[in-house]
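A.B. asks: Here it is, the structure in full.
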Amino acid sequence: MALGAERFEGNGSRVRFLLNGIKATFHRPHPQKETDKGAVKSVRRFLEEGGIRP
C-alpha cells in the first residue's frame, strides 16, 4: 500500500492492517457506503500510532 501498510482480508466485512508493527482491524461500512465519525477517528489514531503524521 502507499504508506507501507499490509492489508489482510478477514471474515465478513473485516479488514486487518499492519503498519510499522501496529495492528488494526476495521469493518467495511454496510449497507451504506459512508462510514461514521468514530471509524474515521480510529483510522487517524492507527495512522498516527504507525508513525504517519499529517
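Following the order of the C-alpha cells, first chain is A, next is B, and so on, with residues numbered from 1 inside each chain and ligands from 1 in the order they appear.
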Show me, as a ChimeraX atom specification, the residues that have an atom within 9 Å of Gly51 (chain A) when counting only C-alpha atoms, minus same-chain residues fewer than 4 positions from it.
C.D. replies: /A:19-20,46-47
A.B. asks: Got a sec to tell me which of chain A DSSP assigns to helix (DSSP H, G or I), as an mmCIF file with N, CA and C atoms, in the first residue's frame?
C.D. replies:
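As written to disk, result36.cif reads:
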data_model
loop_
_atom_site.group_PDB
_atom_site.id
_atom_site.type_symbol
_atom_site.label_atom_id
_atom_site.label_comp_id
_atom_site.auth_asym_id
_atom_site.auth_seq_id
_atom_site.Cartn_x
_atom_site.Cartn_y
_atom_site.Cartn_z
ATOM 1 N N LYS A 37 -18.159 8.896 12.109
ATOM 2 C CA LYS A 37 -17.070 9.707 12.653
ATOM 3 C C LYS A 37 -16.141 8.890 13.544
ATOM 4 N N GLY A 38 -16.714 7.949 14.282
ATOM 5 C CA GLY A 38 -15.900 7.118 15.169
ATOM 6 C C GLY A 38 -14.889 6.283 14.408
ATOM 7 N N ALA A 39 -15.286 5.756 13.263
ATOM 8 C CA ALA A 39 -14.375 4.960 12.446
ATOM 9 C C ALA A 39 -13.255 5.826 11.880
ATOM 10 N N VAL A 40 -13.585 7.043 11.488
ATOM 11 C CA VAL A 40 -12.569 7.959 10.962
ATOM 12 C C VAL A 40 -11.551 8.278 12.052
ATOM 13 N N LYS A 41 -12.015 8.507 13.277
ATOM 14 C CA LYS A 41 -11.105 8.762 14.394
ATOM 15 C C LYS A 41 -10.198 7.567 14.643
ATOM 16 N N SER A 42 -10.741 6.359 14.537
ATOM 17 C CA SER A 42 -9.947 5.151 14.738
ATOM 18 C C SER A 42 -8.858 5.012 13.674
ATOM 19 N N VAL A 43 -9.189 5.327 12.441
ATOM 20 C CA VAL A 43 -8.204 5.248 11.359
ATOM 21 C C VAL A 43 -7.113 6.283 11.588
ATOM 22 N N ARG A 44 -7.486 7.499 11.958
ATOM 23 C CA ARG A 44 -6.490 8.541 12.236
ATOM 24 C C ARG A 44 -5.551 8.123 13.360
ATOM 25 N N ARG A 45 -6.120 7.557 14.431
ATOM 26 C CA ARG A 45 -5.303 7.104 15.565
ATOM 27 C C ARG A 45 -4.330 6.015 15.122
ATOM 28 N N PHE A 46 -4.816 5.066 14.333
ATOM 29 C CA PHE A 46 -3.967 3.984 13.823
ATOM 30 C C PHE A 46 -2.810 4.557 12.996
ATOM 31 N N LEU A 47 -3.091 5.483 12.108
ATOM 32 C CA LEU A 47 -2.043 6.069 11.270
ATOM 33 C C LEU A 47 -1.013 6.814 12.128
ATOM 34 N N GLU A 48 -1.483 7.571 13.105
ATOM 35 C CA GLU A 48 -0.569 8.313 13.970
ATOM 36 C C GLU A 48 0.307 7.369 14.792
ATOM 37 N N GLU A 49 -0.284 6.299 15.331
ATOM 38 C CA GLU A 49 0.479 5.322 16.099
ATOM 39 C C GLU A 49 1.481 4.594 15.212
#
A.B. asks: Determine, counting only C-alpha atoms, which protein, DNA and RNA residues have an atom within 8 Å of an atom of Leu18 (chain A); residues of the same chain fewer than 2 positions away are not included. Present the result as JSON, numbers by chain.
C.D. replies: {"A": [5, 6, 7, 16, 20, 21, 22, 23, 24]}
A.B. asks: Let's have the selection written as a PDB file, in the first residue's frame, with N, CA, C and O atoms.
C.D. replies:
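Saved result, result_13.pdb, follows:
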ATOM      1  N   ALA A   5       1.764  -0.014   4.525  1.00  0.00           N
ATOM      2  CA  ALA A   5       0.969  -0.927   5.344  1.00  0.00           C
ATOM      3  C   ALA A   5       0.671  -2.205   4.568  1.00  0.00           C
ATOM      4  O   ALA A   5       0.651  -2.211   3.339  1.00  0.00           O
ATOM      5  N   GLU A   6       0.459  -3.276   5.306  1.00  0.00           N
ATOM      6  CA  GLU A   6      -0.001  -4.535   4.708  1.00  0.00           C
ATOM      7  C   GLU A   6      -1.475  -4.678   5.028  1.00  0.00           C
ATOM      8  O   GLU A   6      -1.924  -4.318   6.115  1.00  0.00           O
ATOM      9  N   ARG A   7      -2.244  -5.234   4.083  1.00  0.00           N
ATOM     10  CA  ARG A   7      -3.684  -5.423   4.269  1.00  0.00           C
ATOM     11  C   ARG A   7      -3.994  -6.908   4.215  1.00  0.00           C
ATOM     12  O   ARG A   7      -3.489  -7.625   3.369  1.00  0.00           O
ATOM     13  N   ARG A  16      -7.910  -6.247   8.083  1.00  0.00           N
ATOM     14  CA  ARG A  16      -6.839  -6.024   9.053  1.00  0.00           C
ATOM     15  C   ARG A  16      -5.663  -5.345   8.366  1.00  0.00           C
ATOM     16  O   ARG A  16      -5.369  -5.618   7.210  1.00  0.00           O
ATOM     17  N   ASN A  20       4.059  -0.551  10.344  1.00  0.00           N
ATOM     18  CA  ASN A  20       5.199  -0.312  11.250  1.00  0.00           C
ATOM     19  C   ASN A  20       5.014  -1.000  12.598  1.00  0.00           C
ATOM     20  O   ASN A  20       5.261  -0.418  13.645  1.00  0.00           O
ATOM     21  N   GLY A  21       4.536  -2.235  12.582  1.00  0.00           N
ATOM     22  CA  GLY A  21       4.355  -3.024  13.801  1.00  0.00           C
ATOM     23  C   GLY A  21       3.051  -2.772  14.529  1.00  0.00           C
ATOM     24  O   GLY A  21       2.771  -3.416  15.541  1.00  0.00           O
ATOM     25  N   ILE A  22       2.239  -1.853  14.074  1.00  0.00           N
ATOM     26  CA  ILE A  22       0.949  -1.545  14.697  1.00  0.00           C
ATOM     27  C   ILE A  22      -0.147  -2.268  13.928  1.00  0.00           C
ATOM     28  O   ILE A  22      -0.223  -2.164  12.705  1.00  0.00           O
ATOM     29  N   LYS A  23      -0.994  -3.012  14.648  1.00  0.00           N
ATOM     30  CA  LYS A  23      -2.087  -3.765  14.029  1.00  0.00           C
ATOM     31  C   LYS A  23      -3.414  -3.067  14.271  1.00  0.00           C
ATOM     32  O   LYS A  23      -3.616  -2.459  15.326  1.00  0.00           O
ATOM     33  N   ALA A  24      -4.302  -3.165  13.293  1.00  0.00           N
ATOM     34  CA  ALA A  24      -5.648  -2.604  13.450  1.00  0.00           C
ATOM     35  C   ALA A  24      -6.620  -3.419  12.621  1.00  0.00           C
ATOM     36  O   ALA A  24      -6.258  -3.944  11.566  1.00  0.00           O
TER      37      ALA A  24
END
A.B. asks: Pick out the residues sitting within 7 Å of Thr25 (chain A), and hand them over as JSON, numbers by chain; count only C-alpha atoms, and ignore anything fewer than 2 positions along from it in its own chain.
C.D. replies: {"A": [14, 15, 16, 17, 27]}
A.B. asks: I need the strand (DSSP E or B) residues of chain A per DSSP on the backbone, written as a ChimeraX atom specification.
C.D. replies: /A:6-9,14-19,22-27
A.B. asks: For the selection you just gave me, I'd like the residues written to a file as an mmCIF file, in the first residue's frame, keeping C-alpha atoms.
C.D. replies:
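What landed in again_25.cif:
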data_model
loop_
_atom_site.group_PDB
_atom_site.id
_atom_site.type_symbol
_atom_site.label_atom_id
_atom_site.label_comp_id
_atom_site.auth_asym_id
_atom_site.auth_seq_id
_atom_site.Cartn_x
_atom_site.Cartn_y
_atom_site.Cartn_z
ATOM 1 C CA GLU A 6 -0.001 -4.535 4.708
ATOM 2 C CA ARG A 7 -3.684 -5.423 4.269
ATOM 3 C CA PHE A 8 -5.255 -8.753 5.194
ATOM 4 C CA GLU A 9 -8.850 -9.734 4.417
ATOM 5 C CA ARG A 14 -13.312 -7.158 8.498
ATOM 6 C CA VAL A 15 -10.066 -5.845 7.056
ATOM 7 C CA ARG A 16 -6.839 -6.024 9.053
ATOM 8 C CA PHE A 17 -3.840 -3.742 8.605
ATOM 9 C CA LEU A 18 -0.251 -3.843 9.796
ATOM 10 C CA LEU A 19 1.735 -0.590 9.688
ATOM 11 C CA ILE A 22 0.949 -1.545 14.697
ATOM 12 C CA LYS A 23 -2.087 -3.765 14.029
ATOM 13 C CA ALA A 24 -5.648 -2.604 13.450
ATOM 14 C CA THR A 25 -8.913 -4.182 12.382
ATOM 15 C CA PHE A 26 -11.603 -2.169 10.656
ATOM 16 C CA HIS A 27 -15.027 -3.043 9.283
#
A.B. asks: Between CA of Ala2 (chain A) and CA of Arg28 (chain A), what distance in Å does the model show, to one decimal?
C.D. replies: 19.2 Å
